[in-house]
Structure formats: C-alpha cells, structure tokens
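Below: target.txt (compact mmCIF, C-alpha atoms)
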# COMPACT_ATOMS: atom_id res chain seq x y z
CA ARG A 1 0.00 0.00 0.00
CA VAL A 2 1.45 3.36 -1.03
CA GLY A 3 -0.56 5.78 1.10
CA GLY A 4 1.30 8.42 3.11
CA ASN A 5 4.70 6.88 2.35
CA LEU A 6 4.85 9.16 -0.69
CA ARG A 7 5.53 12.09 1.64
CA PHE A 8 9.18 10.99 1.75
CA PHE A 9 9.44 11.70 -1.97
CA GLY A 10 6.79 14.35 -2.60
CA ASP A 11 7.85 16.89 0.03
CA GLY A 12 4.19 17.69 0.58
CA HIS A 13 3.38 18.11 -3.11
CA GLN A 14 1.84 14.66 -3.52
CA PHE A 15 -1.93 14.41 -3.65
CA SER A 16 -4.50 11.72 -4.21
CA LYS A 17 -7.89 11.34 -5.83
CA LYS A 18 -10.46 8.63 -5.35
CA LEU A 19 -12.32 7.29 -8.40
CA GLU A 20 -15.16 5.05 -7.32
CA ASP A 21 -13.45 2.49 -5.02
CA ARG A 22 -9.91 3.13 -6.27
CA ARG A 23 -7.48 5.74 -4.93
CA PHE A 24 -4.72 7.14 -7.14
CA TRP A 25 -1.70 9.23 -6.19
CA ARG A 26 0.11 11.88 -8.24
CA LEU A 27 3.61 13.10 -7.51
CA PRO A 28 5.47 15.85 -9.46
CA VAL A 29 8.84 14.79 -10.86
CA MET A 30 11.38 16.46 -13.15
CA ASP A 31 10.02 14.88 -16.34
CA GLY A 32 6.36 15.43 -15.51
CA GLU A 33 4.56 13.44 -12.86
CA PHE A 34 4.53 9.99 -11.32
CA THR A 35 1.15 8.29 -10.86
CA CYS A 36 0.30 5.07 -9.05
CA GLU A 37 -2.57 3.32 -7.38
CA ASP A 38 -2.84 3.15 -3.59
CA VAL A 39 -3.03 -0.66 -3.55
CA PHE A 40 -0.47 -2.40 -5.73
CA GLY A 41 0.96 -5.79 -6.55
CA THR A 42 4.07 -7.19 -8.16
CA ILE A 43 4.62 -10.32 -10.22
CA LYS A 44 8.01 -12.02 -10.39
CA GLY A 45 8.63 -15.05 -12.48
CA VAL A 46 10.38 -16.87 -15.27
CA GLU A 47 9.01 -18.70 -18.31
CA PHE A 48 10.57 -21.47 -20.37
CA ARG A 49 9.21 -22.03 -23.86
CA PHE A 50 9.88 -24.61 -26.57
CA ASP A 51 8.59 -24.21 -30.14
CA MET A 52 9.07 -26.87 -32.78
CA GLN A 53 8.49 -25.63 -36.29
CA ARG A 54 6.10 -27.71 -38.31
CA THR A 55 7.92 -30.81 -39.54
CA ARG A 56 6.14 -33.35 -41.70
CA ASN A 57 2.77 -31.85 -40.89
CA VAL A 58 3.41 -31.85 -37.12
CA GLY A 59 3.93 -28.84 -34.87
CA PHE A 60 4.54 -28.77 -31.12
CA GLN A 61 4.74 -26.09 -28.45
CA ALA A 62 5.38 -26.34 -24.73
CA SER A 63 5.82 -23.76 -22.01
CA TYR A 64 6.32 -23.70 -18.26
CA ALA A 65 5.95 -20.60 -16.08
CA LEU A 66 7.06 -20.18 -12.48
CA SER A 67 5.78 -16.98 -10.92
CA GLU A 68 4.89 -15.27 -7.67
CA ALA A 69 2.27 -12.51 -7.40
CA THR A 70 2.34 -10.54 -4.16
CA GLY A 71 0.96 -7.22 -2.99
CA THR A 72 -1.08 -5.42 -0.37
CA GLY A 73 -4.43 -5.97 -2.10
CA SER A 74 -5.77 -8.09 -4.95
CA THR A 75 -8.56 -5.66 -5.83
CA PRO A 76 -9.44 -2.02 -5.04
CA THR A 77 -11.88 -3.26 -2.36
CA SER A 78 -9.50 -5.74 -0.71
CA GLN A 79 -9.19 -3.52 2.36
CA SER A 80 -12.80 -2.36 2.55
CA ASN A 81 -13.39 -4.51 5.64
CA ILE A 82 -10.23 -3.49 7.46
CA ALA A 83 -11.69 -4.48 10.84
CA TRP A 84 -11.30 -8.09 9.75
CA VAL A 85 -7.53 -7.76 10.15
CA ALA A 86 -7.76 -6.08 13.57
CA GLY A 87 -7.86 -2.55 12.17
CA ASP A 88 -4.26 -2.57 10.92
CA GLN A 89 -3.66 -1.63 7.32
CA PRO A 90 -1.64 -4.39 5.64
CA LEU A 91 1.87 -3.11 4.95
CA THR A 92 3.57 -6.44 4.24
CA PRO A 93 2.90 -7.95 0.79
CA SER A 94 1.09 -11.27 0.75
CA PRO A 95 0.08 -13.60 -2.10
CA LEU A 96 -2.59 -12.08 -4.34
CA ASP A 97 -5.80 -13.89 -5.23
CA HIS A 98 -4.48 -14.61 -8.74
CA ASP A 99 -1.12 -15.94 -7.54
CA GLN A 100 -0.54 -19.16 -9.49
CA ARG A 101 2.97 -20.48 -8.89
CA HIS A 102 3.16 -23.13 -11.62
CA LYS A 103 1.60 -23.30 -15.08
CA PHE A 104 2.29 -25.70 -17.94
CA VAL A 105 0.85 -25.61 -21.47
CA GLY A 106 1.48 -28.12 -24.23
CA ILE A 107 0.07 -27.96 -27.78
CA PHE A 108 0.28 -30.71 -30.39
CA ASP A 109 -0.91 -29.79 -33.88
CA LEU A 110 -1.31 -32.00 -36.96
CA GLN A 111 -2.32 -30.59 -40.35
CA LEU A 112 -2.73 -32.63 -43.56
CA GLY A 113 -2.99 -30.95 -46.94
CA GLU A 114 -4.21 -32.08 -50.34
CA GLN A 115 -3.67 -35.76 -51.08
CA GLU A 116 -1.86 -36.29 -47.76
CA GLY A 117 -2.40 -38.97 -45.16
CA PRO A 118 -3.34 -42.66 -45.51
CA LYS A 119 -4.83 -43.64 -48.87
CA LEU A 120 -7.60 -45.98 -49.93
CA GLY A 121 -6.66 -46.61 -53.53
CA ASN A 122 -6.47 -43.15 -55.07
CA PHE A 123 -8.59 -41.61 -52.30
CA SER A 124 -7.14 -39.78 -49.29
CA PRO A 125 -9.88 -39.76 -46.61
CA PHE A 126 -7.85 -37.61 -44.21
CA ALA A 127 -6.73 -34.99 -46.74
CA ASN A 128 -7.36 -31.38 -45.66
CA THR A 129 -7.79 -32.53 -42.08
CA GLY A 130 -6.41 -30.93 -38.96
CA MET A 131 -6.23 -31.90 -35.30
CA SER A 132 -4.98 -29.87 -32.37
CA VAL A 133 -4.65 -31.08 -28.77
CA THR A 134 -4.02 -28.59 -25.95
CA PHE A 135 -3.07 -29.69 -22.45
CA GLN A 136 -3.02 -27.21 -19.56
CA ALA A 137 -2.03 -27.77 -15.96
CA GLY A 138 -1.69 -25.25 -13.18
CA SER A 139 -1.27 -25.11 -9.45
CA GLY A 140 -4.07 -23.82 -7.25
CA PHE A 141 -4.85 -20.28 -6.16
CA PRO A 142 -4.54 -18.97 -2.58
CA PHE A 143 -7.26 -18.40 -0.02
CA THR A 144 -7.32 -17.12 3.54
CA PRO A 145 -8.12 -19.86 6.10
CA THR A 146 -10.75 -19.06 8.72
CA GLY A 147 -12.63 -20.81 11.46
CA VAL A 148 -15.87 -22.56 10.56
CA TRP A 149 -18.70 -20.13 9.83
CA ASN A 150 -21.92 -20.06 7.85
CA GLU A 151 -20.35 -19.04 4.55
CA VAL A 152 -23.37 -19.59 2.33
CA THR A 153 -25.57 -17.13 4.25
CA LEU A 154 -24.93 -13.57 3.11
CA ALA A 155 -25.94 -12.00 6.43
CA SER A 156 -23.46 -14.01 8.52
CA ASN A 157 -20.20 -12.62 9.87
CA ARG A 158 -16.85 -13.88 8.65
CA GLY A 159 -15.15 -16.41 10.91
CA PRO A 160 -11.92 -15.72 12.80
CA LEU A 161 -8.65 -15.90 10.91
CA GLU A 162 -6.70 -19.13 11.30
CA GLY A 163 -3.71 -18.16 9.22
CA ALA A 164 -2.12 -15.35 7.28
CA VAL A 165 -3.87 -13.71 4.33
CA ASN A 166 -3.87 -16.07 1.32
CA SER A 167 -1.57 -18.52 3.09
CA ARG A 168 -3.23 -21.71 1.80
CA TYR A 169 -3.71 -22.94 -1.75
CA SER A 170 -6.33 -25.02 -3.50
CA GLY A 171 -5.40 -28.10 -5.53
CA TRP A 172 -3.98 -28.37 -9.03
CA ARG A 173 -6.23 -28.29 -12.08
CA MET A 174 -5.72 -29.98 -15.43
CA GLN A 175 -7.60 -29.80 -18.72
CA THR A 176 -7.23 -31.27 -22.19
CA ASP A 177 -8.96 -29.72 -25.21
CA LEU A 178 -9.30 -31.25 -28.68
CA LYS A 179 -10.13 -29.53 -31.94
CA ALA A 180 -10.53 -31.30 -35.30
CA THR A 181 -11.26 -29.79 -38.71
CA LYS A 182 -12.08 -31.16 -42.14
CA SER A 183 -12.44 -29.04 -45.28
CA PHE A 184 -13.80 -29.63 -48.78
CA MET A 185 -13.85 -27.64 -52.00
CA LEU A 186 -17.42 -26.82 -53.03
CA ALA A 187 -18.20 -24.83 -56.20
CA GLY A 188 -14.94 -22.92 -55.96
CA SER A 189 -15.39 -22.22 -52.24
CA ARG A 190 -13.89 -23.95 -49.22
CA LEU A 191 -16.28 -25.51 -46.72
CA GLU A 192 -14.78 -26.40 -43.34
CA PHE A 193 -16.38 -28.47 -40.60
CA SER A 194 -14.94 -28.24 -37.10
CA LEU A 195 -15.47 -30.13 -33.86
CA TRP A 196 -14.15 -28.66 -30.62
CA VAL A 197 -14.21 -30.61 -27.34
CA LEU A 198 -13.40 -28.61 -24.21
CA ASN A 199 -12.27 -30.59 -21.15
CA LEU A 200 -12.04 -33.80 -23.16
CA PHE A 201 -11.68 -36.08 -20.12
CA ASP A 202 -14.36 -34.24 -18.12
CA SER A 203 -11.91 -33.39 -15.33
CA GLU A 204 -13.42 -31.92 -12.15
CA ASN A 205 -11.40 -28.75 -11.76
CA ILE A 206 -11.96 -26.68 -8.62
CA ILE A 207 -11.79 -22.91 -9.05
CA ALA A 208 -13.10 -21.76 -5.65
CA VAL A 209 -13.26 -23.23 -2.15
CA PHE A 210 -14.85 -22.35 1.17
CA GLN A 211 -12.37 -20.61 3.44
CA SER A 212 -13.21 -22.63 6.52
CA THR A 213 -12.59 -26.07 5.00
CA GLY A 214 -10.69 -25.59 1.74
CA LEU A 215 -13.35 -27.73 0.05
CA PRO A 216 -15.60 -26.73 -2.87
CA ASN A 217 -18.74 -28.40 -1.53
CA SER A 218 -18.80 -28.08 2.26
CA THR A 219 -18.45 -25.26 4.78
CA GLY A 220 -18.40 -27.61 7.76
CA TRP A 221 -21.02 -25.41 9.47
CA LEU A 222 -23.76 -28.04 9.66
CA GLU A 223 -21.45 -30.17 11.82
CA THR A 224 -21.10 -27.41 14.45
CA GLY A 225 -23.40 -26.93 17.42
CA GLU A 226 -25.11 -23.98 15.73
CA GLY A 227 -25.54 -26.03 12.58
CA GLN A 228 -27.08 -28.89 14.56
CA GLN A 229 -29.61 -26.47 16.05
CA PHE A 230 -30.49 -25.34 12.52
CA ARG A 231 -31.01 -28.94 11.38
CA ASP A 232 -33.21 -29.72 14.36
CA ALA A 233 -35.27 -26.56 13.89
CA TYR A 234 -35.94 -27.25 10.19
CA ASP A 235 -36.05 -31.04 10.19
CA TYR A 236 -39.23 -31.06 8.13
CA THR A 237 -40.53 -29.91 4.77
CA HIS A 238 -42.32 -26.58 5.06
CA ASP A 239 -42.79 -25.50 1.44
CA SER A 240 -43.48 -26.85 -2.03
CA SER A 241 -39.86 -27.91 -2.57
CA GLY A 242 -40.32 -30.92 -0.33
CA LEU A 243 -36.83 -30.42 1.13
CA THR A 244 -35.71 -30.09 4.72
CA GLY A 245 -33.52 -27.24 5.90
CA GLU A 246 -30.45 -29.47 5.83
CA GLN A 247 -31.15 -30.61 2.26
CA LYS A 248 -31.52 -27.01 1.10
CA TYR A 249 -28.28 -26.06 2.81
CA ARG A 250 -26.45 -28.97 1.17
CA LEU A 251 -27.70 -27.80 -2.20
CA ARG A 252 -26.40 -24.31 -1.54
CA GLU A 253 -23.04 -25.66 -0.40
CA ASN A 254 -22.61 -27.67 -3.59
CA ASP A 255 -22.26 -24.50 -5.67
CA PRO A 256 -21.55 -25.23 -9.37
CA ASN A 257 -19.71 -21.89 -9.58
CA ASN A 258 -16.93 -23.48 -7.51
CA TYR A 259 -16.07 -25.76 -10.44
CA ASP A 260 -14.73 -25.09 -13.91
CA VAL A 261 -16.77 -26.07 -16.95
CA PRO A 262 -17.44 -29.79 -17.52
CA ARG A 263 -16.93 -31.41 -20.91
CA GLN A 264 -18.38 -29.29 -23.72
CA VAL A 265 -18.73 -30.25 -27.37
CA ARG A 266 -19.01 -27.50 -29.99
CA ALA A 267 -19.49 -27.92 -33.72
CA GLY A 268 -18.91 -25.30 -36.37
CA LEU A 269 -19.20 -24.68 -40.10
CA LYS A 270 -17.19 -22.09 -42.08
CA LEU A 271 -17.52 -21.15 -45.71
CA SER A 272 -14.64 -19.30 -47.37
CA PHE A 273 -14.99 -17.81 -50.83
Encoding of this model in structure tokens:
Amino acid sequence: RVGGNLRFFGDGHQFSKKLEDRRFWRLPVMDGEFTCEDVFGTIKGVEFRFDMQRTRNVGFQASYALSEATGTGSTPTSQSNIAWVAGDQPLTPSPLDHDQRHKFVGIFDLQLGEQEGPKLGNFSPFANTGMSVTFQAGSGFPFTPTGVWNEVTLASNRGPLEGAVNSRYSGWRMQTDLKATKSFMLAGSRLEFSLWVLNLFDSENIIAVFQSTGLPNSTGWLETGEGQQFRDAYDYTHDSSGLTGEQKYRLRENDPNNYDVPRQVRAGLKLSF
C-alpha cells in the first residue's frame, strides 16, 4: 500500500484522488509526474518455452511458467473490511488472489494438406484434415483460512482468521482440449467443418473453495453446534420444494460456480470464398 509513504518523496506536493473504489496518487517529478494506485501488486517469475516448427505436418509447443504474485491488495476493495484484520492496514505484501505459482501448457498440432495422409486406392480420406490437442495444468490459487462459519448465508459474519492472508492454496487443475477440422472444395469455395471438445476427459477442476474447510462443496457449518440447532429446527418440509432445511443447505453448499466447466462439445461450419 502506497498511502502516506509518498511524503518521503513528494515533500508535501503529492496528492490523491479517489475514483469510485480506487485511490490514485500523483507526484510531481522532473520529467512530468509519477502516478500510481494506492493498492499495488508485483509479479516475479520466469518462463521457459519450446517451439518446434512444423515438420512433416506436425507442430509442437510447450511452455512452463514459475511466478509469484504478491501485494497489499488483490482488488481495489480488498481492504474495505479493514476491521477483519484487527484494524491494521496491511503493509507487508502477501500472495494475491491470482497468484498461481506453476503453469504448464502443451500444444500438439497435426495438419494434412491435399492428397496427404493414408490412402484408400487413389482416395485420401484424411486430406485437408487438422487436429490440435491442448493440455493445460496449473497449481491452485490462494485463499485465507478461517474458522468454521456459515459461509453460504450472506448475512453471517466472517469467521476468525486461522492463518495469514492467502496462506493456503487449492489443488492443481488440469484440462485437455481437442479440436478437429475437415475441409472440402465446393463450387470454388472452401467448406470447413470443425469439432471442438473442451475438457475432453471431463476433469473436475476446482476454481473456488470455502475458506473454513478448503473444500468446494462443504463449509463444515452443519457439523457445528449452531448447525445442529439449525437442522433440528428445520427437520421437516415446510414448502413446495419438499426439502428439509439441511437438504436445502447442502444444495447451496454444492455451488456449481466453484467448479470449472465440464466437458463441452461444440461444432462449427465455415464457408470461405
């Protein structure tokens, strides 16, 4: 966080302006002025990349990135509830919400042109065909551990901290995508069919977890004494849903927004003339 620390460089000439929820600082310098946001972050890392030029219809790319994203706030509103951290403004950088330490991407691409590929007599069934496979893997993102609290109820108060800000990480996620194309010449125009499968193996990738448990489908609150009182109080169906209070809570816990997309199949058609 920049804040009043600019007084050491601005000699009293620094000033700030708040735009919506974001505060910006301006500081006169010899070449004009220096501007920055009150809450900032830094990313340090290194990336290794390998590109193989297309050889005999085959191309390949691979990359690995190792990075660390730290700062005093992930968003302009990160410090809006400053009482949560005992009223002290965070001065020490901590991992940001988008801090992903490891990321790997591999792409295999095969393209066959006219009269290429296996033949059946004089016919080449795989001519003008392409296939691309993309594999992505990445480590999890950080979250701040807390004590068990009723996280799915908007009116509830956040539980007590049980660790430093963004000191724990969710699990790794992996995804494989496949895209295949086939084109034909039609009346002087090129007609291309494509089939794109996202998340080919239907991997269950977690993108968000509950802070109290680190799980995507349970807050742990129903197992507490307060949660048991809730289950006892609503241990019956009282509306047209036919569900008890516990069943409704379990449904709310199992939030589909905590998971990345399941397998998706998309088909396309393109006409070039």
Hey, what's within 6 Å of stretch 184-194 of chain A if we count only C-alpha atoms and toss same-chain stuff fewer than 4 positions away? As a compact mmCIF listing (two decimals) with C-alpha atoms, keeping the file's coordinate frame, please?
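Written out: out.txt:
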# COMPACT_ATOMS: atom_id res chain seq x y z
CA ALA A 180 -10.53 -31.30 -35.30
CA ALA A 267 -19.49 -27.92 -33.72
CA GLY A 268 -18.91 -25.30 -36.37
CA LEU A 269 -19.20 -24.68 -40.10
CA LYS A 270 -17.19 -22.09 -42.08
CA LEU A 271 -17.52 -21.15 -45.71
CA SER A 272 -14.64 -19.30 -47.37
CA PHE A 273 -14.99 -17.81 -50.83
request  = May I have the residues within 8 Å of A:Gly220 as JSON, numbers by chain, using all atoms listed in the file and disregarding those fewer than 6 positions away in the same chain?
outcome  = {"A": [148, 149, 212, 213]}
_Using Å and a single decimal, report how far atom CA of A:Ser170 sits from atom CA of A:Pro142._
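Calculated distance between atom CA of A:Pro142 and atom CA of A:Ser170 is 6.4 Å.
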Item checked: atom CA of A:Gln175 to atom CA of A:Gln136, straight-line distance in Å ->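 Computing it gives 5.3 Å between the two atoms.
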*Quote the spacing between atom CA of A:Asp177 and atom CA of A:Gln100 in Å to one decimal place.*
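The value is 20.7 Å.
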*Could you tell me which of A:Asn258, A:Gln264, A:Ser167, A:Asn150 comes closest to A:Lys179 if we count all atoms listed in the file?*
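Smallest separation from A:Lys179 among the options: A:Gln264.
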What would the list of residues within 7 Å of (-14.0, -31.5, -25.9) (file frame) look like as an mmCIF file with C-alpha atoms, in the frame of the given file, if all atoms listed in the file are what count?
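Below is the file part39.cif, written as the result:
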data_model
loop_
_atom_site.group_PDB
_atom_site.id
_atom_site.type_symbol
_atom_site.label_atom_id
_atom_site.label_comp_id
_atom_site.auth_asym_id
_atom_site.auth_seq_id
_atom_site.Cartn_x
_atom_site.Cartn_y
_atom_site.Cartn_z
ATOM 1 C CA ASP A 177 -8.960 -29.720 -25.210
ATOM 2 C CA LEU A 178 -9.300 -31.250 -28.680
ATOM 3 C CA TRP A 196 -14.150 -28.660 -30.620
ATOM 4 C CA VAL A 197 -14.210 -30.610 -27.340
ATOM 5 C CA LEU A 198 -13.400 -28.610 -24.210
ATOM 6 C CA ASN A 199 -12.270 -30.590 -21.150
ATOM 7 C CA LEU A 200 -12.040 -33.800 -23.160
ATOM 8 C CA ARG A 263 -16.930 -31.410 -20.910
ATOM 9 C CA GLN A 264 -18.380 -29.290 -23.720
ATOM 10 C CA VAL A 265 -18.730 -30.250 -27.370
#
| Smallest atom-to-atom distance to A:Asn166: which of A:Glu68, A:Glu151, A:Asp97, A:Asp51, using all atoms listed in the file? |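 The shortest atom-to-atom distance to A:Asn166 comes from A:Asp97.
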Subject >> Shell around A:Gly138 at 6 Å using all atoms listed in the file, local window under 2 positions removed, as a ChimeraX atom specification >> reply: /A:102-103,172-173
Q | Residues near stretch 107-110 of chain A, cut-off 9 Å, all atoms listed in the file, skip fewer than 3 positions along chain, as a PyMOL selection string | A | chain A and resi 54+56-62+129-136
I want to know what sits within 8 Å of A:Ile206, based on only C-alpha atoms, with residues of the same chain fewer than 2 positions away left out; could you give that as a short mmCIF file (atom, residue, chain, number, x, y, z; two decimals) with C-alpha atoms, keeping the file's coordinate frame?
data_model
loop_
_atom_site.label_atom_id
_atom_site.label_comp_id
_atom_site.auth_asym_id
_atom_site.auth_seq_id
_atom_site.Cartn_x
_atom_site.Cartn_y
_atom_site.Cartn_z
CA SER A 170 -6.33 -25.02 -3.50
CA GLY A 171 -5.40 -28.10 -5.53
CA ARG A 173 -6.23 -28.29 -12.08
CA GLU A 204 -13.42 -31.92 -12.15
CA ALA A 208 -13.10 -21.76 -5.65
CA VAL A 209 -13.26 -23.23 -2.15
CA PRO A 216 -15.60 -26.73 -2.87
CA ASN A 258 -16.93 -23.48 -7.51
CA TYR A 259 -16.07 -25.76 -10.44
CA ASP A 260 -14.73 -25.09 -13.91
#
